Structure formats: structure tokens, C-alpha cells
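Text of the file my_file05.cif, holding mmCIF, C-alpha atoms:
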```cif
data_protein
#
loop_
_atom_site.group_PDB
_atom_site.id
_atom_site.type_symbol
_atom_site.label_atom_id
_atom_site.label_comp_id
_atom_site.auth_asym_id
_atom_site.auth_seq_id
_atom_site.Cartn_x
_atom_site.Cartn_y
_atom_site.Cartn_z
ATOM 1 C CA MET A 9 -54.365 -45.411 12.072
ATOM 2 C CA THR A 10 -55.629 -47.677 14.863
ATOM 3 C CA ALA A 11 -55.481 -51.396 14.158
ATOM 4 C CA PRO A 12 -58.851 -53.195 14.336
ATOM 5 C CA PRO A 13 -59.408 -55.250 17.487
ATOM 6 C CA ILE A 14 -58.322 -58.878 17.357
ATOM 7 C CA LYS A 15 -61.231 -61.274 16.912
ATOM 8 C CA HIS A 16 -60.824 -64.722 18.469
ATOM 9 C CA TYR A 17 -63.016 -67.793 17.934
ATOM 10 C CA LEU A 18 -63.037 -69.619 21.267
ATOM 11 C CA GLN A 19 -66.669 -70.729 21.376
ATOM 12 C CA PHE A 20 -69.642 -70.630 19.028
ATOM 13 C CA SER A 21 -71.158 -67.588 20.717
ATOM 14 C CA ASP A 22 -68.124 -65.447 19.788
ATOM 15 C CA LEU A 23 -69.750 -64.624 16.430
ATOM 16 C CA THR A 24 -73.181 -63.218 15.578
ATOM 17 C CA ALA A 25 -75.901 -64.746 13.432
ATOM 18 C CA GLY A 26 -75.001 -62.237 10.722
ATOM 19 C CA GLU A 27 -71.360 -63.272 10.804
ATOM 20 C CA TYR A 28 -72.368 -66.928 10.500
ATOM 21 C CA ASP A 29 -74.549 -66.087 7.515
ATOM 22 C CA TYR A 30 -71.487 -64.575 5.830
ATOM 23 C CA LEU A 31 -69.161 -67.442 6.855
ATOM 24 C CA LEU A 32 -71.494 -70.163 5.617
ATOM 25 C CA GLY A 33 -71.945 -68.421 2.294
ATOM 26 C CA ARG A 34 -68.210 -67.871 1.991
ATOM 27 C CA ALA A 35 -67.534 -71.545 2.796
ATOM 28 C CA ALA A 36 -69.886 -72.559 -0.030
ATOM 29 C CA LEU A 37 -67.945 -70.348 -2.453
ATOM 30 C CA ILE A 38 -64.589 -71.700 -1.257
ATOM 31 C CA LYS A 39 -65.806 -75.302 -1.590
ATOM 32 C CA ARG A 40 -67.083 -74.701 -5.127
ATOM 33 C CA LYS A 41 -63.695 -73.289 -6.126
ATOM 34 C CA PHE A 42 -61.907 -76.230 -4.472
ATOM 35 C CA LYS A 43 -64.007 -78.739 -6.423
ATOM 36 C CA ALA A 44 -63.303 -76.847 -9.657
ATOM 37 C CA TYR A 45 -59.519 -76.785 -8.982
ATOM 38 C CA ASP A 46 -59.744 -72.984 -8.960
ATOM 39 C CA LYS A 47 -56.990 -71.446 -6.818
ATOM 40 C CA HIS A 48 -58.114 -69.327 -3.871
ATOM 41 C CA HIS A 49 -54.945 -67.814 -2.382
ATOM 42 C CA THR A 50 -56.385 -65.093 -0.159
ATOM 43 C CA LEU A 51 -53.903 -65.826 2.657
ATOM 44 C CA ASN A 52 -50.716 -65.748 0.624
ATOM 45 C CA ASP A 53 -47.622 -65.365 2.871
ATOM 46 C CA ARG A 54 -49.698 -65.788 6.064
ATOM 47 C CA THR A 55 -48.693 -68.422 8.636
ATOM 48 C CA LEU A 56 -50.946 -70.552 10.823
ATOM 49 C CA ALA A 57 -49.519 -72.029 14.037
ATOM 50 C CA MET A 58 -51.267 -75.234 15.114
ATOM 51 C CA ILE A 59 -50.819 -76.316 18.734
ATOM 52 C CA PHE A 60 -51.948 -79.804 19.737
ATOM 53 C CA GLU A 61 -52.181 -80.772 23.384
ATOM 54 C CA LYS A 62 -54.781 -83.396 22.358
ATOM 55 C CA ALA A 63 -54.174 -85.823 19.506
ATOM 56 C CA SER A 64 -56.012 -85.253 16.247
ATOM 57 C CA THR A 65 -56.657 -86.553 12.752
ATOM 58 C CA ARG A 66 -59.438 -84.437 11.225
ATOM 59 C CA THR A 67 -58.465 -81.207 12.984
ATOM 60 C CA ARG A 68 -54.858 -81.389 11.857
ATOM 61 C CA VAL A 69 -55.548 -82.428 8.272
ATOM 62 C CA SER A 70 -58.411 -79.967 7.755
ATOM 63 C CA PHE A 71 -56.541 -76.940 9.126
ATOM 64 C CA GLU A 72 -53.200 -77.810 7.559
ATOM 65 C CA ALA A 73 -54.546 -78.653 4.104
ATOM 66 C CA GLY A 74 -56.910 -75.704 4.258
ATOM 67 C CA MET A 75 -54.213 -73.166 5.087
ATOM 68 C CA TYR A 76 -51.988 -74.431 2.280
ATOM 69 C CA GLN A 77 -54.925 -74.217 -0.133
ATOM 70 C CA LEU A 78 -55.385 -70.566 0.891
ATOM 71 C CA GLY A 79 -51.777 -69.901 -0.122
ATOM 72 C CA GLY A 80 -50.407 -69.776 3.417
ATOM 73 C CA SER A 81 -48.048 -71.931 5.440
ATOM 74 C CA VAL A 82 -48.317 -73.943 8.646
ATOM 75 C CA VAL A 83 -46.229 -74.527 11.784
ATOM 76 C CA HIS A 84 -47.199 -77.657 13.741
ATOM 77 C CA LEU A 85 -46.488 -77.877 17.491
ATOM 78 C CA THR A 86 -47.284 -80.429 20.191
ATOM 79 C CA SER A 87 -46.799 -80.363 23.958
ATOM 80 C CA GLU A 88 -44.085 -83.002 23.639
ATOM 81 C CA GLY A 89 -42.227 -81.065 20.952
ATOM 82 C CA SER A 90 -42.374 -77.599 22.510
ATOM 83 C CA GLN A 91 -41.794 -75.795 25.782
ATOM 84 C CA LEU A 92 -45.492 -76.245 26.638
ATOM 85 C CA GLY A 93 -44.520 -79.762 27.684
ATOM 86 C CA ARG A 94 -41.792 -78.351 29.924
ATOM 87 C CA SER A 95 -44.043 -76.114 32.050
ATOM 88 C CA GLU A 96 -43.543 -72.848 30.190
ATOM 89 C CA PRO A 97 -46.472 -70.565 31.114
ATOM 90 C CA ILE A 98 -49.012 -70.648 28.300
ATOM 91 C CA GLU A 99 -49.050 -66.834 28.278
ATOM 92 C CA ASP A 100 -45.322 -66.792 27.452
ATOM 93 C CA THR A 101 -45.854 -69.271 24.633
ATOM 94 C CA ALA A 102 -48.636 -67.052 23.281
ATOM 95 C CA ARG A 103 -46.489 -63.922 23.384
ATOM 96 C CA VAL A 104 -43.720 -65.611 21.398
ATOM 97 C CA ILE A 105 -45.781 -67.522 18.831
ATOM 98 C CA SER A 106 -48.063 -64.565 18.097
ATOM 99 C CA ARG A 107 -45.028 -62.423 17.203
ATOM 100 C CA MET A 108 -43.936 -64.941 14.558
ATOM 101 C CA THR A 109 -47.206 -66.136 13.028
ATOM 102 C CA ASP A 110 -50.460 -64.557 11.843
ATOM 103 C CA ILE A 111 -53.092 -66.800 13.426
ATOM 104 C CA VAL A 112 -53.136 -69.696 15.923
ATOM 105 C CA MET A 113 -55.301 -72.801 16.275
ATOM 106 C CA ILE A 114 -55.193 -74.707 19.566
ATOM 107 C CA ARG A 115 -56.616 -78.138 20.444
ATOM 108 C CA THR A 116 -56.330 -78.536 24.190
ATOM 109 C CA PHE A 117 -58.015 -79.579 27.434
ATOM 110 C CA GLU A 118 -59.609 -76.930 29.674
ATOM 111 C CA GLN A 119 -61.228 -73.896 28.029
ATOM 112 C CA SER A 120 -59.316 -71.731 30.492
ATOM 113 C CA ARG A 121 -56.051 -72.647 28.737
ATOM 114 C CA ILE A 122 -57.140 -71.313 25.375
ATOM 115 C CA GLU A 123 -58.634 -68.229 27.003
ATOM 116 C CA ARG A 124 -55.339 -67.488 28.754
ATOM 117 C CA PHE A 125 -53.475 -67.972 25.478
ATOM 118 C CA ALA A 126 -55.854 -65.638 23.640
ATOM 119 C CA GLN A 127 -55.528 -62.920 26.276
ATOM 120 C CA ALA A 128 -51.758 -62.832 25.717
ATOM 121 C CA SER A 129 -51.864 -63.255 21.929
ATOM 122 C CA ARG A 130 -51.316 -60.490 19.388
ATOM 123 C CA VAL A 131 -53.107 -62.501 16.666
ATOM 124 C CA PRO A 132 -56.470 -64.310 16.339
ATOM 125 C CA VAL A 133 -56.845 -67.621 18.155
ATOM 126 C CA ILE A 134 -59.172 -70.451 17.066
ATOM 127 C CA ASN A 135 -60.526 -73.216 19.275
ATOM 128 C CA GLY A 136 -59.780 -76.525 17.527
ATOM 129 C CA LEU A 137 -61.390 -78.357 20.477
ATOM 130 C CA THR A 138 -61.470 -78.039 24.266
ATOM 131 C CA ASN A 139 -63.159 -80.095 26.953
ATOM 132 C CA GLU A 140 -65.998 -77.566 26.971
ATOM 133 C CA TYR A 141 -66.526 -76.531 23.322
ATOM 134 C CA HIS A 142 -65.981 -77.640 19.717
ATOM 135 C CA PRO A 143 -67.176 -74.689 17.604
ATOM 136 C CA CYS A 144 -65.418 -75.561 14.320
ATOM 137 C CA GLN A 145 -67.141 -78.951 14.256
ATOM 138 C CA ILE A 146 -70.611 -77.489 14.791
ATOM 139 C CA LEU A 147 -69.919 -74.884 12.116
ATOM 140 C CA ALA A 148 -69.130 -77.752 9.719
ATOM 141 C CA ASP A 149 -72.223 -79.682 10.815
ATOM 142 C CA ILE A 150 -74.529 -76.732 10.173
ATOM 143 C CA PHE A 151 -72.903 -76.119 6.790
ATOM 144 C CA THR A 152 -73.433 -79.799 5.924
ATOM 145 C CA PHE A 153 -77.093 -79.641 6.937
ATOM 146 C CA ILE A 154 -77.612 -76.561 4.753
ATOM 147 C CA GLU A 155 -75.978 -78.323 1.791
ATOM 148 C CA HIS A 156 -78.401 -81.234 2.067
ATOM 149 C CA ARG A 157 -81.601 -79.700 3.416
ATOM 150 C CA GLY A 158 -81.417 -75.900 3.207
ATOM 151 C CA SER A 159 -81.680 -73.475 6.121
ATOM 152 C CA ILE A 160 -81.449 -74.953 9.617
ATOM 153 C CA GLN A 161 -83.591 -72.177 11.099
ATOM 154 C CA GLY A 162 -86.788 -73.609 12.545
ATOM 155 C CA LYS A 163 -85.593 -77.209 12.178
ATOM 156 C CA THR A 164 -85.224 -79.816 14.946
ATOM 157 C CA VAL A 165 -81.887 -81.366 15.920
ATOM 158 C CA ALA A 166 -81.725 -84.351 18.290
ATOM 159 C CA TRP A 167 -78.507 -84.769 20.272
ATOM 160 C CA ILE A 168 -78.217 -88.308 21.664
ATOM 161 C CA GLY A 169 -75.526 -89.183 24.200
ATOM 162 C CA ASP A 170 -73.116 -87.322 26.423
ATOM 163 C CA GLY A 171 -73.685 -83.715 27.506
ATOM 164 C CA ASN A 172 -70.168 -82.905 26.322
ATOM 165 C CA ASN A 173 -68.375 -80.164 24.371
ATOM 166 C CA MET A 174 -70.388 -80.976 21.245
ATOM 167 C CA ALA A 175 -73.694 -80.757 23.099
ATOM 168 C CA ASN A 176 -72.661 -77.456 24.719
ATOM 169 C CA THR A 177 -71.811 -76.009 21.327
ATOM 170 C CA TRP A 178 -74.986 -77.279 19.659
ATOM 171 C CA ALA A 179 -76.954 -75.543 22.427
ATOM 172 C CA GLN A 180 -75.233 -72.219 21.756
ATOM 173 C CA ALA A 181 -75.839 -72.616 18.023
ATOM 174 C CA ALA A 182 -79.535 -73.390 18.514
ATOM 175 C CA ALA A 183 -80.112 -70.254 20.595
ATOM 176 C CA LEU A 184 -78.149 -68.101 18.157
ATOM 177 C CA LEU A 185 -79.415 -69.465 14.836
ATOM 178 C CA GLY A 186 -83.015 -70.247 15.745
ATOM 179 C CA PHE A 187 -83.471 -74.015 15.601
ATOM 180 C CA GLU A 188 -84.747 -76.464 18.228
ATOM 181 C CA LEU A 189 -82.234 -78.705 19.983
ATOM 182 C CA ARG A 190 -83.409 -81.762 21.895
ATOM 183 C CA VAL A 191 -80.804 -83.248 24.201
ATOM 184 C CA ALA A 192 -81.180 -86.825 25.475
ATOM 185 C CA THR A 193 -78.539 -87.891 27.987
ATOM 186 C CA PRO A 194 -78.384 -90.536 30.712
ATOM 187 C CA ARG A 195 -78.825 -89.305 34.263
ATOM 188 C CA GLY A 196 -75.592 -87.790 35.527
ATOM 189 C CA TYR A 197 -74.333 -86.827 32.053
ATOM 190 C CA GLU A 198 -76.571 -83.819 31.409
ATOM 191 C CA VAL A 199 -75.538 -80.615 29.638
ATOM 192 C CA ASP A 200 -74.024 -77.960 31.907
ATOM 193 C CA SER A 201 -76.466 -75.044 31.617
ATOM 194 C CA GLN A 202 -73.824 -72.398 32.227
ATOM 195 C CA LEU A 203 -71.393 -73.777 29.652
ATOM 196 C CA ALA A 204 -74.125 -74.152 27.041
ATOM 197 C CA ALA A 205 -75.499 -70.618 27.448
ATOM 198 C CA LEU A 206 -74.717 -67.849 24.972
ATOM 199 C CA ASP A 207 -73.333 -65.660 27.760
ATOM 200 C CA ALA A 208 -71.616 -66.652 30.990
ATOM 201 C CA GLY A 209 -74.185 -66.853 33.744
ATOM 202 C CA SER A 210 -77.104 -66.525 31.318
ATOM 203 C CA SER A 211 -80.270 -68.522 31.930
ATOM 204 C CA GLN A 212 -81.078 -68.566 28.206
ATOM 205 C CA ARG A 213 -81.515 -72.135 27.049
ATOM 206 C CA GLY A 214 -81.073 -73.256 23.489
ATOM 207 C CA TRP A 215 -82.319 -76.788 24.112
ATOM 208 C CA ARG A 216 -84.917 -79.093 25.687
ATOM 209 C CA ASP A 217 -84.005 -82.064 27.884
ATOM 210 C CA PHE A 218 -85.285 -85.584 27.191
ATOM 211 C CA SER A 219 -84.808 -88.693 29.308
ATOM 212 C CA ASP A 220 -85.883 -90.970 26.422
ATOM 213 C CA PRO A 221 -83.625 -90.796 23.333
ATOM 214 C CA ARG A 222 -86.372 -92.140 21.069
ATOM 215 C CA ALA A 223 -88.712 -89.371 22.146
ATOM 216 C CA ALA A 224 -85.989 -86.832 21.409
ATOM 217 C CA CYS A 225 -85.650 -88.223 17.886
ATOM 218 C CA ALA A 226 -89.399 -88.079 17.137
ATOM 219 C CA GLY A 227 -89.906 -85.833 14.118
ATOM 220 C CA ALA A 228 -86.295 -84.598 14.112
ATOM 221 C CA ASP A 229 -84.637 -83.250 10.959
ATOM 222 C CA LEU A 230 -81.169 -84.246 12.165
ATOM 223 C CA VAL A 231 -79.993 -86.898 14.625
ATOM 224 C CA THR A 232 -76.432 -86.573 15.845
ATOM 225 C CA THR A 233 -74.172 -88.117 18.466
ATOM 226 C CA ASP A 234 -70.566 -88.550 19.610
ATOM 227 C CA VAL A 235 -68.450 -91.159 21.350
ATOM 228 C CA TRP A 236 -69.545 -92.047 24.849
ATOM 229 C CA THR A 237 -66.076 -91.434 26.283
ATOM 230 C CA SER A 238 -64.404 -88.254 25.093
ATOM 231 C CA MET A 239 -60.634 -87.786 25.101
ATOM 232 C CA GLY A 240 -59.417 -87.233 28.650
ATOM 233 C CA TYR A 241 -62.207 -89.292 30.255
ATOM 234 C CA GLU A 242 -60.863 -92.763 29.452
ATOM 235 C CA ALA A 243 -60.848 -93.787 33.133
ATOM 236 C CA GLU A 244 -64.674 -93.598 33.053
ATOM 237 C CA ASN A 245 -65.004 -95.810 29.971
ATOM 238 C CA GLU A 246 -66.540 -98.924 31.575
ATOM 239 C CA ALA A 247 -68.974 -96.935 33.708
ATOM 240 C CA ARG A 248 -70.010 -94.906 30.683
ATOM 241 C CA LYS A 249 -70.642 -98.019 28.580
ATOM 242 C CA LYS A 250 -73.166 -99.173 31.182
ATOM 243 C CA ALA A 251 -74.805 -95.773 31.595
ATOM 244 C CA PHE A 252 -75.158 -95.205 27.832
ATOM 245 C CA ALA A 253 -76.306 -98.726 26.900
ATOM 246 C CA ASP A 254 -79.725 -97.460 25.708
ATOM 247 C CA TRP A 255 -78.289 -94.454 23.880
ATOM 248 C CA CYS A 256 -76.994 -96.183 20.733
ATOM 249 C CA VAL A 257 -78.433 -94.407 17.679
ATOM 250 C CA ASP A 258 -79.966 -97.307 15.785
ATOM 251 C CA LEU A 259 -82.536 -97.808 13.042
ATOM 252 C CA GLU A 260 -85.382 -97.575 15.552
ATOM 253 C CA MET A 261 -84.301 -94.068 16.565
ATOM 254 C CA MET A 262 -83.855 -92.999 12.952
ATOM 255 C CA ARG A 263 -87.334 -94.323 12.086
ATOM 256 C CA ALA A 264 -88.733 -92.075 14.827
ATOM 257 C CA ALA A 265 -87.183 -89.061 13.097
ATOM 258 C CA LYS A 266 -88.512 -87.586 9.844
ATOM 259 C CA PRO A 267 -88.207 -89.904 6.831
ATOM 260 C CA ASP A 268 -85.582 -87.602 5.280
ATOM 261 C CA ALA A 269 -83.706 -86.964 8.542
ATOM 262 C CA LEU A 270 -79.921 -86.836 8.366
ATOM 263 C CA PHE A 271 -77.466 -88.562 10.688
ATOM 264 C CA MET A 272 -74.183 -86.944 11.751
ATOM 265 C CA HIS A 273 -71.221 -87.935 13.893
ATOM 266 C CA CYS A 274 -68.051 -85.875 14.363
ATOM 267 C CA LEU A 275 -65.852 -89.026 14.264
ATOM 268 C CA PRO A 276 -64.049 -91.175 15.174
ATOM 269 C CA ALA A 277 -67.003 -93.511 15.647
ATOM 270 C CA HIS A 278 -67.400 -96.803 17.490
ATOM 271 C CA ARG A 279 -69.921 -98.899 15.583
ATOM 272 C CA GLY A 280 -72.076 -100.873 17.976
ATOM 273 C CA GLU A 281 -71.618 -98.360 20.804
ATOM 274 C CA GLU A 282 -72.945 -94.840 20.209
ATOM 275 C CA VAL A 283 -74.203 -95.695 16.701
ATOM 276 C CA SER A 284 -75.080 -98.858 14.840
ATOM 277 C CA ALA A 285 -73.270 -99.765 11.630
ATOM 278 C CA GLU A 286 -76.613 -99.738 9.792
ATOM 279 C CA VAL A 287 -77.064 -96.049 10.625
ATOM 280 C CA ILE A 288 -73.574 -94.604 10.179
ATOM 281 C CA ASP A 289 -73.059 -96.561 6.937
ATOM 282 C CA GLY A 290 -76.658 -96.130 5.810
ATOM 283 C CA PRO A 291 -78.318 -93.770 3.306
ATOM 284 C CA GLN A 292 -79.220 -91.092 5.878
ATOM 285 C CA SER A 293 -75.638 -90.689 7.087
ATOM 286 C CA VAL A 294 -73.677 -87.660 5.863
ATOM 287 C CA VAL A 295 -70.639 -88.166 8.091
ATOM 288 C CA TRP A 296 -68.116 -88.125 5.242
ATOM 289 C CA ASP A 297 -69.455 -84.856 3.841
ATOM 290 C CA GLU A 298 -69.431 -83.555 7.397
ATOM 291 C CA ALA A 299 -65.765 -84.524 7.854
ATOM 292 C CA GLU A 300 -64.685 -82.899 4.582
ATOM 293 C CA ASN A 301 -66.629 -79.746 5.358
ATOM 294 C CA ARG A 302 -64.453 -79.065 8.390
ATOM 295 C CA MET A 303 -61.803 -77.947 5.922
ATOM 296 C CA HIS A 304 -64.074 -75.659 3.915
ATOM 297 C CA VAL A 305 -65.678 -73.840 6.845
ATOM 298 C CA GLN A 306 -62.320 -73.468 8.580
ATOM 299 C CA LYS A 307 -60.857 -71.909 5.437
ATOM 300 C CA ALA A 308 -63.674 -69.370 5.520
ATOM 301 C CA LEU A 309 -63.039 -68.793 9.235
ATOM 302 C CA LEU A 310 -59.271 -68.315 8.819
ATOM 303 C CA GLU A 311 -59.902 -65.860 6.011
ATOM 304 C CA TYR A 312 -62.519 -63.924 7.973
ATOM 305 C CA LEU A 313 -60.487 -63.604 11.167
ATOM 306 C CA LEU A 314 -57.491 -62.287 9.222
ATOM 307 C CA LEU A 315 -59.101 -60.242 6.443
ATOM 308 C CA GLY A 316 -62.674 -59.528 7.520
ATOM 309 C CA ARG A 317 -65.511 -59.637 4.994
ATOM 310 C CA LEU A 318 -64.471 -59.946 1.368
ATOM 311 C CA ALA A 319 -66.597 -59.093 -1.647
#
```
How does the structure come out when it is put into C-alpha cells?
Amino acid sequence: MTAPPIKHYLQFSDLTAGEYDYLLGRAALIKRKFKAYDKHHTLNDRTLAMIFEKASTRTRVSFEAGMYQLGGSVVHLTSEGSQLGRSEPIEDTARVISRMTDIVMIRTFEQSRIERFAQASRVPVINGLTNEYHPCQILADIFTFIEHRGSIQGKTVAWIGDGNNMANTWAQAAALLGFELRVATPRGYEVDSQLAALDAGSSQRGWRDFSDPRAACAGADLVTTDVWTSMGYEAENEARKKAFADWCVDLEMMRAAKPDALFMHCLPAHRGEEVSAEVIDGPQSVVWDEAENRMHVQKALLEYLLLGRLA
């Protein structure tokens, strides 16, 4: 009997719309059981290896707690506490770890590092964040939108700020799941068209560019943003503060959106920079639901990559 091919989750476009429909429904079931204190041990005796080359709060807690709640166990590694910090080739690390564990999550820098790891791995690999993509976060964001407002298909999402890994992933999701994405970035911080496409080299665009963030928010169902300076770009912090001065999501931007528009932020947030306190702590903000939902969608993802579709 031939083993099924390994399925990795390295960017949002790695799954189909049909697979996302299943995952989002499965996440809803898993969350309901969690809230009812109903055990859901589908990954009993399975082990997740978590590798952190970038620091984390939400990624670590959501994956670690989630795997334990599925009945599995977790191994936590960092660059400083492993041979990755001593120049061992990442392919060698992958060959060893994938012989001892069942699935791997990596939070790292360049997308090429996780791709090299996955090519050498004997088990599924999940992108916990790279410089280019953040698919688990967008999966949680879409799940959160559905919880509050129903299907995201045909809706309008306004991305305000840096054309970063979050923006790239939102663009892939928009093209795949059929919603409109409006991206407003300062000049010089635009989305990379090739990174944001569903396929490498594709000209398919899942978004529209705006130079005015308020215009991007007009009539939007969801307004979302991120820090102005992502991890690894700290040397640009002062220049970015000047460039993004008009890109703070404030009450004026939210008033331009639909009256029932939601606000999201992947956290951590800097009140008074990319978002005002009145917005992130206001009635339209769902950031705490969004943070919790990382755990629920990732549980569904772990389960799916290891077991496939379950009845």
C-alpha cells in the first residue's frame, strides 16, 4: 500500500477553497467542543515539533495548547537551544526531526528556509510565520469574520498599512475565496505582486491598490492592519513611523466603513501608531476573538494534515 503524499501548509494557496470550507467547518466543531469541555483527542500519541527562529507569544501558546487539547504532545525548539543556531544545514535538521515527530510547525525568517525544511521532511510542515506569509493568522481571521458576520465571499476587506506577510496572505485568500481586498500602503511599501499571487509568476491579483486609506475603508465589511515595523525590520522603525503617519486606523476610517464593519489586528498592537485605542478597544474590534481563534483553526489544520477529512 502506497502512503498518501505529504501535504504541507507553507502559504495560504497550498489548500483549495473546498479544503478551506472543510477546515472552517471543522474548526467551528472543535471550538464548540472546547467551550463545552468535551474532549477531542483525535491526535492521541502524535507529537508536534515547534521550531522558533522568531520569538512568539500567540503562535507558541495556540499551537502548544491546541496540540495538547487534541491528545498529542509537543517538543519546543529554538535556534539558540538547537543545532540550528550552530549552522547545521536546515535540511539535516528536517531529516532528523521528521523521523522522531509526526508534524512540524516553524516560525522563521525567509520563506526559502521553510521550503527547504519541507523538501527534506518526512512529515507535514506548517508555516507559523515567515517574512513573506502568515497563513495560520489569515485562516483565523476569516474564521472570526464568519463567526460574526457569516460568509466572507463577496465581502470587502480593507488592509491598511504595510504590504507585508499579512497583506500577501490576505491577497491570496481574496483570490481563492472570492472576496474583495483593498490594500492601502504608503509609497514604497506596496504589496509584492509575485508574492501575493496564488501561483508563482502569476499575474492574477486578489486585491486593488489605494493611495488613500480612508478611500480603501469606504463601505468595507472588515478593516484590518498590523504593526508598521514587522519583526526583522527594526532598523527601519523611525523611517517607517514617518512614512505611515497617515495610516493609523482611527475612528474616522472606521466611520467610512460600513456601520457594522469589524476591526482586526493580529497583535501585538501599538496603540497610537497603526491603530487608535478607541478603535482596538472599541465595540467594532474583535481582536480577542481573533487571537483565541488561532488555536481552534490550527487544531483543525493539525488534524487535517495528519488524518485527512473526518466525518
Can you tell me which residues surround Trp167 in chain A at a distance of at most 12 Å, considering only C-alpha atoms, apart from same-chain residues fewer than 4 positions away, and format the answer as a PyMOL selection string?
chain A and resi 171-179+182+188-194+198-199+215-226+228-235+255-257+261+271-273+282
Apply the PyMOL selection byres ((chain A and resi 290) around 12) to the file shown and report the selected residues as a ChimeraX atom specification.
/A:258-259,262,269-272,283-289,291-296
Suppose a student applies the PyMOL selection byres ((chain A and resi 81) around 10) to this structure; what residues should they get, written as a ChimeraX atom specification?
/A:51-57,72-80,82-83,109
What would the selection look like, as a PyMOL selection string, if the PyMOL selection byres ((chain A and resi 184) around 9) were run on the coordinates I just shared?
chain A and resi 20-21+24-25+179-183+185-187+206+214
Taking (-71.7, -98.1, 27.1) in the coordinates of the supplied file, I want to know which residues reach to within 12 Å of it, counting all atoms listed in the file; could you give the answer as a ChimeraX atom specification?
/A:169-170,194,235-237,244-256,278-283
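Restricting the calculation to all atoms listed in the file, the smallest distance between Leu314 in chain A and any of A:Leu203, A:Ala166, A:Val133, A:Ala264 is found for A:Val133.
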Env of Glu123 in chain A: 12 Å cut, atoms = only C-alpha atoms, seq-sep filter 6 positions within chain, self excluded. Answer as a VMD selection string.
chain A and resid 16 to 19 98 to 99 102 114 116 to 117 129 132 to 135 138 140
